[in-house]
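J.: One structure is given below, represented as structure tokens, and several questions about it will come after.
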Amino acid sequence: MFNFFKNKRKAKESAHQLMDINGDVIREGDRVYSYRYELGDCIIVSGEHGLDYESIETKKRVNWTLMIDAATERQKVRKLTGQ
């Protein structure tokens, strides 16, 4: 009737884009530098629960939700270009 109880969370989640610390959009397959968990250079890969950051050196994986900066809601990574 008035859609008071409509679940708006699903629409918000689907519109969510991953952004690096500078505001650049990042996607699966992009190479980034991680500022957390001593990962160093990483590649964004698909994991069990969504996207993961996989360290190139150690092969350690961290889920994207653990990389969110609380102040800016962006990822604590910097997109590497030209490589």
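Identifiers in the structure tokens: chain A, B, ... in order shown; residue index from 1 per chain; ligand index from 1 in order shown.
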Can you list, as a list in words, every protein, DNA or RNA residue that comes within 7 Å of Ile44 of chain A when you count only C-alpha atoms, leaving out same-chain residues fewer than 4 positions away?
T.: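 Residues meeting the cut-off are Arg27, Glu28, Gly29, Asp30, Arg31, Leu51, Asp52, Tyr53 and Glu54 of chain A.
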J.: Any idea what's packed within 6 Å of Asp41 of chain A, counting only C-alpha atoms, ignoring anything in its chain fewer than 5 positions away? Could you give it as a list in words?
T.: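 That gives Val32, Tyr33, Ser55 and Ile56 of chain A.
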J.: Mind dumping the selected residues with N, CA and C atoms as a PDB file, in the first residue's frame?
T.:
ATOM      1  N   VAL A  32      46.014  -3.632  -6.294  1.00  0.00           N
ATOM      2  CA  VAL A  32      45.970  -2.561  -5.301  1.00  0.00           C
ATOM      3  C   VAL A  32      47.089  -2.756  -4.287  1.00  0.00           C
ATOM      4  N   TYR A  33      47.374  -1.677  -3.550  1.00  0.00           N
ATOM      5  CA  TYR A  33      48.297  -1.751  -2.423  1.00  0.00           C
ATOM      6  C   TYR A  33      47.474  -1.634  -1.146  1.00  0.00           C
ATOM      7  N   SER A  55      47.113 -11.316  -1.340  1.00  0.00           N
ATOM      8  CA  SER A  55      48.469 -10.793  -1.399  1.00  0.00           C
ATOM      9  C   SER A  55      49.248 -11.515  -2.489  1.00  0.00           C
ATOM     10  N   ILE A  56      49.975 -10.765  -3.292  1.00  0.00           N
ATOM     11  CA  ILE A  56      50.778 -11.357  -4.356  1.00  0.00           C
ATOM     12  C   ILE A  56      51.958 -12.119  -3.765  1.00  0.00           C
TER      13      ILE A  56
END
J.: At most 10 Å is the cut-off: for each residue in segment 16-41 of chain A with any atom that close to an atom of segment 62-71 of chain A, write down the nearest atom pair and the distance in Å rounded to one decimal, counting only C-alpha atoms, chain first then increasing number, as JSON lines.
T.:
{"residue": "A:Leu18", "atom": "CA", "partner": "A:Trp64", "partner_atom": "CA", "distance": 8.7}
{"residue": "A:Met19", "atom": "CA", "partner": "A:Ile68", "partner_atom": "CA", "distance": 9.6}
{"residue": "A:Asp20", "atom": "CA", "partner": "A:Ile68", "partner_atom": "CA", "distance": 9.5}
{"residue": "A:Ile21", "atom": "CA", "partner": "A:Asp69", "partner_atom": "CA", "distance": 8.5}
{"residue": "A:Ser34", "atom": "CA", "partner": "A:Met67", "partner_atom": "CA", "distance": 8.5}
{"residue": "A:Tyr35", "atom": "CA", "partner": "A:Met67", "partner_atom": "CA", "distance": 8.6}
{"residue": "A:Arg36", "atom": "CA", "partner": "A:Met67", "partner_atom": "CA", "distance": 7.1}
{"residue": "A:Tyr37", "atom": "CA", "partner": "A:Val62", "partner_atom": "CA", "distance": 8.2}
{"residue": "A:Leu39", "atom": "CA", "partner": "A:Val62", "partner_atom": "CA", "distance": 8.7}
J.: Can you list, as a ChimeraX atom specification, every protein, DNA or RNA residue that comes within 10 Å of Gln17 of chain A when you count only C-alpha atoms, leaving out same-chain residues fewer than 6 positions away?
T.: /A:24-27,74
J.: At what distance in Å, to one decimal, does atom CA of Glu48 of chain A lie from atom CA of Lys79 of chain A?
T.: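 Separating atom CA of Lys79 of chain A from atom CA of Glu48 of chain A is a distance of 22.7 Å.
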